[in-house]
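Engineer: Structure file coords_37.cif (mmCIF, C-alpha atoms and all ligand atoms) right here:
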data_run
loop_
_atom_site.label_atom_id
_atom_site.label_comp_id
_atom_site.auth_asym_id
_atom_site.auth_seq_id
_atom_site.Cartn_x
_atom_site.Cartn_y
_atom_site.Cartn_z
CA MET A 8 -47.35 -2.72 -120.30
CA LYS A 9 -47.08 0.97 -121.20
CA SER A 10 -44.27 2.40 -123.31
CA VAL A 11 -42.58 5.52 -121.93
CA SER A 12 -40.45 8.02 -123.85
CA ILE A 13 -38.45 10.51 -121.82
CA LEU A 14 -37.37 13.89 -123.12
CA GLY A 15 -34.47 14.75 -120.84
CA SER A 16 -33.68 11.37 -119.27
CA THR A 17 -30.33 12.37 -117.73
CA GLY A 18 -31.66 15.24 -115.58
CA SER A 19 -33.07 14.94 -112.06
CA ILE A 20 -36.70 14.30 -113.18
CA GLY A 21 -35.56 11.88 -115.90
CA SER A 22 -33.50 9.88 -113.39
CA SER A 23 -36.43 9.77 -110.95
CA ALA A 24 -38.67 8.53 -113.79
CA LEU A 25 -36.23 5.69 -114.47
CA ARG A 26 -36.37 4.80 -110.75
CA VAL A 27 -40.15 4.52 -111.12
CA ILE A 28 -39.82 2.35 -114.25
CA ASP A 29 -37.25 0.14 -112.45
CA SER A 30 -39.73 -0.34 -109.58
CA PHE A 31 -42.59 -1.42 -111.87
CA PRO A 32 -40.98 -3.52 -114.62
CA ASP A 33 -44.29 -5.27 -115.38
CA LYS A 34 -46.12 -1.96 -115.92
CA PHE A 35 -43.75 0.35 -117.80
CA LYS A 36 -40.99 -0.05 -120.35
CA VAL A 37 -38.62 2.54 -121.82
CA LYS A 38 -39.23 3.39 -125.47
CA ALA A 39 -37.01 6.43 -125.98
CA LEU A 40 -34.34 8.33 -124.04
CA SER A 41 -32.66 11.66 -124.70
CA CYS A 42 -30.15 14.15 -123.37
CA SER A 43 -28.89 17.55 -124.42
CA SER A 44 -25.24 17.16 -123.38
CA ASN A 45 -24.75 14.44 -120.74
CA ILE A 46 -23.71 11.76 -123.25
CA LYS A 47 -21.91 9.62 -120.65
CA THR A 48 -25.03 9.14 -118.49
CA LEU A 49 -27.20 8.63 -121.56
CA GLU A 50 -24.90 5.87 -122.79
CA GLU A 51 -25.21 4.08 -119.44
CA GLN A 52 -28.99 4.37 -119.74
CA ILE A 53 -28.96 3.04 -123.32
CA GLN A 54 -26.88 0.07 -122.17
CA LYS A 55 -29.32 -0.68 -119.36
CA TYR A 56 -32.68 -0.09 -121.11
CA SER A 57 -31.90 -0.77 -124.76
CA PRO A 58 -34.47 1.79 -125.98
CA GLU A 59 -35.95 1.77 -129.49
CA PHE A 60 -34.95 5.42 -129.93
CA ALA A 61 -32.41 7.82 -128.45
CA ALA A 62 -31.76 11.51 -129.07
CA LEU A 63 -28.30 12.88 -128.45
CA GLY A 64 -28.67 16.62 -129.03
CA SER A 65 -25.60 18.41 -130.33
CA ILE A 66 -22.73 15.96 -130.62
CA GLU A 67 -19.45 15.58 -132.55
CA PRO A 68 -20.05 13.46 -135.71
CA GLU A 69 -17.29 10.95 -134.78
CA ILE A 70 -18.75 10.31 -131.30
CA TYR A 71 -22.25 10.03 -132.80
CA ASP A 72 -21.05 7.41 -135.30
CA SER A 73 -19.22 5.36 -132.69
CA ILE A 74 -22.27 5.32 -130.34
CA LYS A 75 -24.55 4.31 -133.22
CA LYS A 76 -22.26 1.38 -134.03
CA LYS A 77 -22.13 0.25 -130.40
CA TYR A 78 -25.92 0.03 -130.00
CA PRO A 79 -27.34 -1.32 -133.28
CA ARG A 80 -30.76 -2.06 -131.75
CA THR A 81 -31.40 1.64 -131.04
CA ILE A 82 -32.34 4.21 -133.69
CA PHE A 83 -30.49 7.47 -133.00
CA PHE A 84 -31.31 11.11 -133.71
CA SER A 85 -29.06 14.11 -133.21
CA GLY A 86 -29.04 17.86 -133.74
CA ASN A 87 -31.65 20.54 -133.07
CA SER A 88 -34.66 18.49 -134.12
CA ALA A 89 -33.65 15.32 -132.23
CA LEU A 90 -36.17 15.83 -129.41
CA SER A 91 -38.99 16.46 -131.88
CA ASP A 92 -37.90 13.38 -133.83
CA ILE A 93 -38.31 11.02 -130.87
CA ALA A 94 -41.48 12.83 -129.71
CA SER A 95 -42.96 12.22 -133.19
CA GLU A 96 -42.41 8.47 -132.81
CA GLY A 97 -45.25 8.41 -130.27
CA ALA A 98 -45.59 6.37 -127.06
CA ASP A 99 -48.24 5.50 -124.49
CA ILE A 100 -46.63 8.08 -122.18
CA LEU A 101 -44.23 10.88 -123.05
CA LEU A 102 -42.47 12.49 -120.09
CA THR A 103 -41.25 15.98 -120.97
CA SER A 104 -38.58 16.81 -118.45
CA VAL A 105 -36.34 19.06 -120.50
CA VAL A 106 -35.57 22.55 -119.21
CA GLY A 107 -37.11 25.70 -120.64
CA TYR A 108 -38.69 26.64 -123.95
CA SER A 109 -37.01 23.68 -125.69
CA GLY A 110 -39.98 21.54 -124.53
CA VAL A 111 -42.61 23.42 -126.55
CA ILE A 112 -42.17 22.10 -130.11
CA PRO A 113 -41.42 18.46 -129.13
CA THR A 114 -44.56 18.45 -126.93
CA LEU A 115 -46.67 19.75 -129.83
CA LYS A 116 -45.14 17.10 -132.13
CA ALA A 117 -45.89 14.37 -129.58
CA ILE A 118 -49.55 15.26 -128.90
CA PRO A 119 -51.11 13.64 -132.03
CA LYS A 120 -49.09 10.42 -131.51
CA THR A 121 -49.17 10.02 -127.73
CA LYS A 122 -51.94 8.98 -125.34
CA ARG A 123 -50.61 10.85 -122.34
CA ILE A 124 -48.12 13.65 -121.81
CA ALA A 125 -46.60 13.58 -118.31
CA LEU A 126 -45.62 17.22 -118.17
CA ALA A 127 -42.66 18.23 -116.03
CA ASN A 128 -41.59 21.07 -118.32
CA LYS A 129 -43.69 23.98 -117.02
CA GLU A 130 -42.21 26.43 -119.53
CA THR A 131 -44.20 24.62 -122.25
CA LEU A 132 -47.45 25.87 -120.70
CA VAL A 133 -46.03 29.26 -119.72
CA ALA A 134 -44.91 29.99 -123.29
CA ALA A 135 -47.63 28.23 -125.28
CA GLY A 136 -50.35 27.11 -122.84
CA ASP A 137 -53.38 27.97 -125.00
CA ILE A 138 -52.00 26.24 -128.10
CA VAL A 139 -50.77 23.14 -126.22
CA MET A 140 -54.01 22.64 -124.24
CA ASN A 141 -56.14 23.13 -127.40
CA GLU A 142 -54.01 20.68 -129.39
CA ALA A 143 -54.27 18.13 -126.57
CA ALA A 144 -58.07 18.52 -126.43
CA ASN A 145 -58.34 18.16 -130.23
CA HIS A 146 -56.38 14.89 -130.17
CA ASN A 147 -57.83 13.51 -126.93
CA THR A 148 -54.35 13.44 -125.44
CA GLU A 149 -54.18 13.68 -121.66
CA ILE A 150 -51.86 16.25 -120.11
CA ILE A 151 -51.05 15.06 -116.58
CA PRO A 152 -48.85 17.32 -114.46
CA VAL A 153 -45.65 16.09 -112.87
CA ASP A 154 -44.82 19.37 -111.13
CA SER A 155 -45.39 18.39 -107.47
CA GLU A 156 -47.83 21.25 -106.74
CA HIS A 157 -49.95 20.58 -109.81
CA SER A 158 -49.85 16.84 -109.27
CA ALA A 159 -51.26 17.53 -105.79
CA ILE A 160 -53.98 19.87 -107.10
CA PHE A 161 -54.81 17.42 -109.89
CA SER A 162 -55.42 14.66 -107.30
CA LEU A 163 -57.42 16.95 -105.01
CA LEU A 164 -59.61 18.34 -107.80
CA SER A 165 -60.70 14.84 -108.75
CA GLU A 166 -62.39 14.70 -105.32
CA VAL A 167 -64.57 17.84 -105.61
CA LYS A 168 -67.10 19.29 -108.06
CA LYS A 169 -65.69 22.17 -110.08
CA ASP A 170 -68.60 24.45 -109.02
CA ASP A 171 -67.70 23.90 -105.36
CA LEU A 172 -64.11 25.10 -105.82
CA LYS A 173 -63.30 28.49 -104.30
CA ARG A 174 -59.57 28.56 -105.06
CA VAL A 175 -56.41 26.54 -105.35
CA ILE A 176 -53.49 27.40 -103.05
CA ILE A 177 -50.05 26.60 -104.42
CA THR A 178 -47.42 26.12 -101.72
CA ALA A 179 -43.89 27.46 -102.16
CA SER A 180 -40.80 26.51 -100.20
CA GLY A 181 -39.73 30.12 -100.70
CA GLY A 182 -36.46 29.03 -102.30
CA SER A 183 -32.91 29.20 -101.04
CA LEU A 184 -33.03 32.94 -100.27
CA ARG A 185 -36.39 33.27 -98.53
CA ASP A 186 -34.89 34.71 -95.33
CA LYS A 187 -32.46 37.16 -96.94
CA THR A 188 -32.96 40.89 -96.60
CA ALA A 189 -33.29 43.16 -99.65
CA ASP A 190 -29.69 44.32 -99.10
CA GLU A 191 -28.40 40.76 -98.92
CA LEU A 192 -30.29 39.80 -102.09
CA PHE A 193 -28.55 42.64 -103.94
CA SER A 194 -25.16 40.97 -103.55
CA ILE A 195 -26.10 37.28 -103.54
CA THR A 196 -23.81 34.95 -105.54
CA PRO A 197 -24.90 32.07 -107.83
CA GLU A 198 -23.34 29.61 -105.36
CA GLU A 199 -25.53 30.89 -102.53
CA ALA A 200 -28.67 30.93 -104.68
CA LEU A 201 -28.05 27.36 -105.85
CA ARG A 202 -28.41 25.93 -102.33
CA HIS A 203 -32.10 24.91 -102.32
CA PRO A 204 -33.44 24.03 -98.83
CA THR A 205 -35.67 21.05 -99.72
CA TRP A 206 -35.59 19.99 -103.37
CA LYS A 207 -32.45 18.89 -105.20
CA MET A 208 -32.91 20.12 -108.77
CA GLY A 209 -31.09 21.49 -111.83
CA SER A 210 -29.52 24.95 -111.67
CA LYS A 211 -32.09 26.83 -113.80
CA ILE A 212 -35.09 25.74 -111.72
CA THR A 213 -33.18 26.31 -108.46
CA ILE A 214 -32.55 29.94 -109.45
CA ASP A 215 -36.19 30.23 -110.57
CA SER A 216 -37.19 28.99 -107.10
CA ALA A 217 -34.93 31.56 -105.44
CA THR A 218 -36.46 34.48 -107.39
CA LEU A 219 -40.00 32.96 -107.00
CA MET A 220 -40.21 33.06 -110.82
CA ASN A 221 -40.76 29.30 -110.60
CA LYS A 222 -43.83 29.92 -108.45
CA GLY A 223 -45.05 32.53 -110.93
CA PHE A 224 -44.63 30.01 -113.73
CA GLU A 225 -46.59 27.51 -111.65
CA VAL A 226 -49.46 30.02 -111.34
CA ILE A 227 -49.57 30.33 -115.16
CA GLU A 228 -49.24 26.55 -115.47
CA ALA A 229 -52.20 26.04 -113.08
CA HIS A 230 -54.29 28.54 -115.07
CA HIS A 231 -53.85 26.42 -118.23
CA LEU A 232 -53.94 22.94 -116.71
CA PHE A 233 -57.06 23.45 -114.62
CA ASN A 234 -58.73 26.15 -116.74
CA LEU A 235 -58.91 28.51 -113.74
CA PRO A 236 -58.99 32.33 -113.70
CA TYR A 237 -56.01 33.96 -111.97
CA ASP A 238 -58.12 35.24 -109.05
CA LYS A 239 -58.75 31.60 -108.08
CA ILE A 240 -55.03 30.78 -107.85
CA ASP A 241 -53.16 31.82 -104.69
CA VAL A 242 -49.65 31.18 -103.38
CA VAL A 243 -48.51 30.71 -99.78
CA ILE A 244 -44.98 30.18 -98.50
CA HIS A 245 -44.66 26.85 -96.68
CA PRO A 246 -40.97 26.28 -95.92
CA GLU A 247 -41.25 22.60 -94.91
CA SER A 248 -42.59 21.53 -98.37
CA VAL A 249 -44.68 18.81 -96.73
CA ILE A 250 -47.98 20.13 -98.09
CA HIS A 251 -47.57 20.04 -101.85
CA SER A 252 -50.60 22.26 -102.44
CA MET A 253 -54.19 22.79 -101.27
CA ILE A 254 -57.67 23.47 -102.58
CA GLU A 255 -60.43 25.36 -100.81
CA THR A 256 -64.14 24.79 -101.42
CA ASN A 257 -66.94 27.36 -101.12
CA ASP A 258 -68.00 26.01 -97.70
CA GLY A 259 -64.59 26.96 -96.26
CA SER A 260 -63.08 23.46 -96.19
CA VAL A 261 -59.41 23.22 -97.12
CA PHE A 262 -57.95 19.99 -98.51
CA ALA A 263 -54.17 19.61 -98.35
CA HIS A 264 -52.07 17.10 -100.25
CA MET A 265 -49.12 15.93 -98.15
CA GLY A 266 -46.21 13.63 -98.82
CA ILE A 267 -42.45 13.35 -98.85
CA ALA A 268 -40.41 15.61 -101.15
CA ASP A 269 -39.50 13.03 -103.79
CA MET A 270 -40.33 13.66 -107.45
CA ALA A 271 -40.73 9.89 -107.97
CA LEU A 272 -44.20 10.18 -106.37
CA PRO A 273 -45.76 12.70 -108.79
CA ILE A 274 -44.07 10.85 -111.68
CA MET A 275 -45.56 7.56 -110.48
CA ASN A 276 -49.00 9.17 -110.26
CA ALA A 277 -48.69 10.77 -113.71
CA PHE A 278 -47.75 7.39 -115.18
CA SER A 279 -50.45 5.37 -113.40
CA HIS A 280 -53.42 7.80 -113.10
CA PRO A 281 -56.22 7.06 -112.22
CA ALA A 282 -54.74 3.95 -110.53
CA LYS A 283 -52.72 4.41 -107.33
CA LEU A 284 -49.60 2.23 -107.23
CA ASN A 285 -48.01 0.87 -104.08
CA ASN A 286 -45.26 3.34 -103.21
CA PRO A 287 -41.92 1.47 -103.13
CA PHE A 288 -40.11 4.62 -101.96
CA LYS A 289 -40.39 6.45 -98.63
CA PHE A 290 -43.55 7.42 -96.76
CA LEU A 291 -44.16 10.56 -94.71
CA ASP A 292 -42.95 10.07 -91.14
CA PHE A 293 -45.08 12.22 -88.82
CA SER A 294 -42.84 11.48 -85.82
CA LYS A 295 -40.10 13.49 -87.57
CA LEU A 296 -42.35 16.44 -88.46
CA LYS A 297 -41.86 19.19 -85.91
CA SER A 298 -44.22 21.79 -87.36
CA LEU A 299 -45.88 23.08 -90.47
CA SER A 300 -45.58 26.82 -90.99
CA PHE A 301 -47.02 29.29 -93.47
CA ARG A 302 -46.40 32.91 -94.39
CA GLU A 303 -47.29 35.44 -97.05
CA TYR A 304 -44.73 36.06 -99.76
CA ASP A 305 -42.92 39.38 -99.76
CA GLU A 306 -43.66 41.21 -103.00
CA LYS A 307 -40.92 43.80 -102.44
CA ARG A 308 -38.04 41.35 -102.03
CA PHE A 309 -39.41 38.87 -104.59
CA PRO A 310 -41.25 40.82 -107.33
CA ALA A 311 -41.20 37.91 -109.85
CA LEU A 312 -44.43 36.34 -108.66
CA LYS A 313 -46.43 39.53 -109.23
CA ILE A 314 -44.75 40.01 -112.62
CA CYS A 315 -45.94 36.52 -113.62
CA TYR A 316 -49.52 37.18 -112.44
CA GLU A 317 -49.59 40.37 -114.52
CA ALA A 318 -48.10 38.66 -117.59
CA GLY A 319 -50.53 35.75 -117.22
CA LYS A 320 -53.52 38.08 -116.98
CA ARG A 321 -52.40 39.98 -120.09
CA GLY A 322 -52.04 36.62 -121.81
CA GLY A 323 -51.34 36.29 -125.54
CA ASN A 324 -47.61 36.21 -126.26
CA VAL A 325 -46.60 38.06 -123.05
CA PRO A 326 -45.82 34.97 -120.92
CA CYS A 327 -43.75 33.62 -123.83
CA ALA A 328 -41.67 36.84 -123.84
CA LEU A 329 -41.38 36.64 -120.06
CA ASN A 330 -40.10 33.06 -120.19
CA ALA A 331 -37.52 33.85 -122.88
CA ALA A 332 -36.20 36.87 -120.97
CA ASN A 333 -35.99 34.79 -117.80
CA GLU A 334 -33.93 32.05 -119.49
CA ILE A 335 -31.43 34.65 -120.72
CA ALA A 336 -31.36 36.53 -117.39
CA VAL A 337 -30.85 33.36 -115.29
CA ASP A 338 -28.01 32.27 -117.58
CA ALA A 339 -26.41 35.74 -117.26
CA PHE A 340 -26.71 35.59 -113.46
CA LEU A 341 -25.12 32.12 -113.33
CA LYS A 342 -22.26 33.51 -115.45
CA LYS A 343 -21.95 36.43 -112.99
CA LYS A 344 -22.77 39.05 -115.64
CA ILE A 345 -25.73 40.51 -113.71
CA ARG A 346 -26.99 40.71 -110.12
CA PHE A 347 -29.62 38.39 -108.64
CA THR A 348 -32.00 41.34 -108.31
CA ASP A 349 -31.54 42.22 -112.01
CA ILE A 350 -33.28 38.99 -113.10
CA SER A 351 -36.82 40.10 -112.23
CA MET A 352 -36.18 43.64 -113.45
CA ILE A 353 -35.03 42.37 -116.87
CA VAL A 354 -37.94 39.93 -117.15
CA LYS A 355 -40.44 42.70 -116.39
CA LYS A 356 -38.88 45.12 -118.85
CA ILE A 357 -38.71 42.65 -121.77
CA SER A 358 -42.21 41.23 -121.21
CA ASP A 359 -43.75 44.71 -120.76
CA GLU A 360 -42.14 45.92 -124.00
CA ALA A 361 -43.00 42.90 -126.19
CA ASP A 362 -45.31 43.72 -129.12
CA PHE A 363 -48.62 42.33 -127.90
CA ILE A 364 -50.34 39.58 -129.89
CA LYS A 365 -53.67 38.50 -128.35
CA SER A 366 -54.07 35.04 -129.92
CA PRO A 367 -50.68 34.12 -131.32
CA GLU A 368 -50.08 31.22 -133.72
CA ILE A 369 -47.12 28.98 -132.91
CA GLU A 370 -44.95 30.77 -135.53
CA GLU A 371 -45.65 34.07 -133.77
CA LEU A 372 -44.64 32.56 -130.43
CA ILE A 373 -41.41 31.24 -131.96
CA GLU A 374 -40.69 34.80 -133.16
CA THR A 375 -41.65 36.30 -129.76
CA ASP A 376 -39.27 33.87 -128.08
CA ARG A 377 -36.42 34.70 -130.50
CA LEU A 378 -36.89 38.46 -130.31
CA SER A 379 -37.25 38.52 -126.51
CA ARG A 380 -33.95 36.64 -126.16
CA VAL A 381 -32.22 39.12 -128.49
CA ASN A 382 -33.69 42.07 -126.57
CA ALA A 383 -32.79 40.61 -123.17
CA GLU A 384 -29.20 39.97 -124.32
CA LYS A 385 -28.92 43.49 -125.74
CA TYR A 386 -30.23 44.96 -122.48
CA ILE A 387 -27.82 42.85 -120.38
CA ARG A 388 -24.86 44.00 -122.51
CA GLY A 389 -25.86 47.57 -121.63
CA LEU A 390 -25.83 46.70 -117.91
CA CYS A 391 -22.38 45.06 -117.94
MG MG B 401 -43.07 22.76 -108.44
#
Show me this structure written as structure tokens.
Structural biologist:
Amino acid sequence: MKSVSILGSTGSIGSSALRVIDSFPDKFKVKALSCSSNIKTLEEQIQKYSPEFAALGSIEPEIYDSIKKKYPRTIFFSGNSALSDIASEGADILLTSVVGYSGVIPTLKAIPKTKRIALANKETLVAAGDIVMNEAANHNTEIIPVDSEHSAIFSLLSEVKKDDLKRVIITASGGSLRDKTADELFSITPEEALRHPTWKMGSKITIDSATLMNKGFEVIEAHHLFNLPYDKIDVVIHPESVIHSMIETNDGSVFAHMGIADMALPIMNAFSHPAKLNNPFKFLDFSKLKSLSFREYDEKRFPALKICYEAGKRGGNVPCALNAANEIAVDAFLKKKIRFTDISMIVKKISDEADFIKSPEIEELIETDRLSRVNAEKYIRGLC
């Protein structure tokens, strides 16, 4: 029986993880749950799973006290450090499925106390990939990806020798706006951008998918997870999202990882690796598959991917600045303060102008993150 702590248990990945735990009650048990604001759902989860620990984020003191009284078997944390507090309690598996930079410090706190990090929070590796991967290696903690593309590549790479690998090919659905013209993108609304064609996800990642920033983040994530140079990481648009990613070997063979679009599968694999569990969910139905199509991404309409490649190649604190600027820009777009096409422009400007630090310490990344947010907000105020 493995204990599982979930950072972000009320979001879409967190809920899928609980579906996996429900399906394998003899293999996994919940140790800790947490939310940032969805207290109602978290309370239902606490009632059902009776976790040892729960983190409630920012919460009114009266509500906090009444919840604590209701569930005396659970130890509660609240406030800014609540995620780090439950991460520091350790577990066999810690699933980090929070959104954005907020995953970085809790992941670092968890590494010395946790056997395996099931990583769904890609921003952790975008902002602090070198530090996180080094820490994990120092403590013999496994980092297993939950992101569907990286889960696919992780499985495929276990089948080939590293020397035989020519490149990895990350597939992209292309997001909700893949067929829009440049003119249409200029006036796209948050409502339109939030309609993702294949994956049902939170609003931040859906906008990141629409700009292709998400795919750029995944390139940086792959660089850190698999220790690959950027010229061995390619991206192809594959609208059907049936192939979750591919690898190519030097002899010209291409291996594709296929499956249904359900995050429960990569979560199940991250929890059970190297064992393969019997899938209690759906299987791929080839009779319903009409075709698989592929196309190059359009750099002009979707500049974010190239911006991420450039930031990744510069390295140091640049991807951290890029991530911070993106969080601010996406939030401003959702609040209708800026245009869809402004997001990539702002991200490029703020990451290009960040004071470069080649091998930043974590304190320097925290400062890069803070300053980039301030600069992005200042710049957005000038645009409004
Ligand atoms: Mg993905």
Engineer: Report, in Å to a single decimal, how far apart CA of Asp292 in chain A and CA of Asp29 in chain A are.
Structural biologist: 24.2 Å
Engineer: For ligand MG 401 (chain B), list the contacting residues at 9 Å or closer, counting only C-alpha atoms and all ligand atoms, as a list in words.
Structural biologist: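 Counting only what the definition allows, namely only C-alpha atoms and all ligand atoms, the set is Ala127, Lys129, Val153, Asp154, Ser155, Glu156, His157, Ile177, Thr178, Ala179, Ser216, Asn221, Lys222, Glu225 and His251 of chain A.
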Engineer: By how many Å are CA of Leu296 in chain A and CA of Ser19 in chain A apart?
Structural biologist: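 Between CA of Leu296 in chain A and CA of Ser19 in chain A the gap works out to 25.4 Å.
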Engineer: Would you please work out which residue, of A:Ser366, A:Ser300, A:Gln52, A:Ser210, is nearest to Gly181 in chain A when using all atoms listed in the file?
Structural biologist: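 Looking only at the distances to Gly181 in chain A, the closest residue turns out to be A:Ser300.
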Engineer: Using all atoms listed in the file, which of A:Ser41, A:Ser158, A:Asn128, A:Thr48 sits nearest His280 in chain A?
Structural biologist: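 Once distances to His280 in chain A are computed over all atoms listed in the file, the minimum belongs to A:Ser158.
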Engineer: Between A:Asp359, A:Asp171, A:Glu334, A:Glu149, which has the minimum distance to Asn257 in chain A (counting only C-alpha atoms)?
Structural biologist: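 Smallest separation from Asn257 in chain A among the options: A:Asp171.
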Engineer: Go through A:Gly110, A:Pro310, A:Gly18, A:Pro152 one by one, measure the shortest atom-to-atom distance of each to Thr348 in chain A using all atoms listed in the file, and give the residue with the smallest value.
Structural biologist: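 Going through A:Gly110, A:Pro310, A:Gly18, A:Pro152 one by one, the smallest distance to Thr348 in chain A is for A:Pro310.
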Engineer: Can you pull out the residues contacting range 234-236 of chain A? Cut-off 9 Å, using all atoms listed in the file, and skip same-chain residues under 6 positions away; I want them as a VMD selection string.
Structural biologist: chain A and resid 174 to 175 320
Engineer: Name the residues in contact with Ile214 in chain A at a cut-off of 8 Å, using all atoms listed in the file, excluding same-chain residues fewer than 6 positions from it; report them as a compact mmCIF listing (two decimals) with C-alpha atoms, keeping the file's coordinate frame.
Structural biologist:
# COMPACT_ATOMS: atom_id res chain seq x y z
CA ALA A 200 -28.67 30.93 -104.68
CA LEU A 201 -28.05 27.36 -105.85
CA VAL A 337 -30.85 33.36 -115.29
Engineer: Neighbours of Ile357 in chain A within 9 Å (all atoms listed in the file; same-chain residues fewer than 5 positions away dropped), as a list in words?
Structural biologist: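 My reading of the contact set: Ala328, Leu329, Ala331, Ala332, Met352, Ser379, Arg380, Asn382, Ala383 and Tyr386 of chain A.
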Engineer: Within 6 Å of Met253 in chain A, counting only C-alpha atoms, which residues show up once you throw out same-chain ones fewer than 3 positions away? Write them as a list in words, please.
Structural biologist: Val175, Ile176, Phe262 and Ala263 of chain A
Engineer: Those residues with C-alpha atoms, as a compact mmCIF listing (two decimals), in the frame of the given file please?
Structural biologist:
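Result file result_22.txt:
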# COMPACT_ATOMS: atom_id res chain seq x y z
CA VAL A 175 -56.41 26.54 -105.35
CA ILE A 176 -53.49 27.40 -103.05
CA PHE A 262 -57.95 19.99 -98.51
CA ALA A 263 -54.17 19.61 -98.35
Engineer: From the set A:Ala135, A:Leu272, A:Leu164, A:Met220, which residue has the shortest atom-to-atom contact distance to Asp376 in chain A, counting only C-alpha atoms?
Structural biologist: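 Residue with the minimum atom-to-atom distance to Asp376 in chain A: A:Ala135.
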Engineer: What does the structure give for the distance between CA of Ser85 in chain A and CA of Glu51 in chain A, in Å to one decimal?
Structural biologist: 17.5 Å
Engineer: Which residue is closest to Glu384 in chain A? Choose from A:Ile138, A:Ile20, A:Ile112, A:Ala339 and count all atoms listed in the file.
Structural biologist: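 Ranked by minimum distance to Glu384 in chain A, first place goes to A:Ala339.
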Engineer: List the spatial neighbours of Val11 in chain A as a JSON list (two decimals) with C-alpha atoms, keeping the file's coordinate frame - criterion: any atom at most 7 Å away, all atoms listed in the file, same-chain residues fewer than 4 positions off excluded.
Structural biologist:
[["chain", "number", "residue", "atom", "x", "y", "z"],
["A", 35, "PHE", "CA", -43.75, 0.35, -117.80],
["A", 36, "LYS", "CA", -40.99, -0.05, -120.35],
["A", 37, "VAL", "CA", -38.62, 2.54, -121.82],
["A", 38, "LYS", "CA", -39.23, 3.39, -125.47],
["A", 39, "ALA", "CA", -37.01, 6.43, -125.98],
["A", 98, "ALA", "CA", -45.59, 6.37, -127.06],
["A", 99, "ASP", "CA", -48.24, 5.50, -124.49],
["A", 100, "ILE", "CA", -46.63, 8.08, -122.18],
["A", 101, "LEU", "CA", -44.23, 10.88, -123.05]]
Engineer: Hey, can you pull every residue with an atom no more than 12 Å from (-22.0, 28.8, -104.6), using all atoms listed in the file, and send it as a list of chain:residue names?
Structural biologist: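 Checked against the point, the hits come out as A:Ser183, A:Ile195, A:Thr196, A:Pro197, A:Glu198, A:Glu199, A:Ala200, A:Leu201, A:Arg202, A:His203, A:Ser210, A:Ile214, A:Leu341, A:Lys342, A:Lys343.
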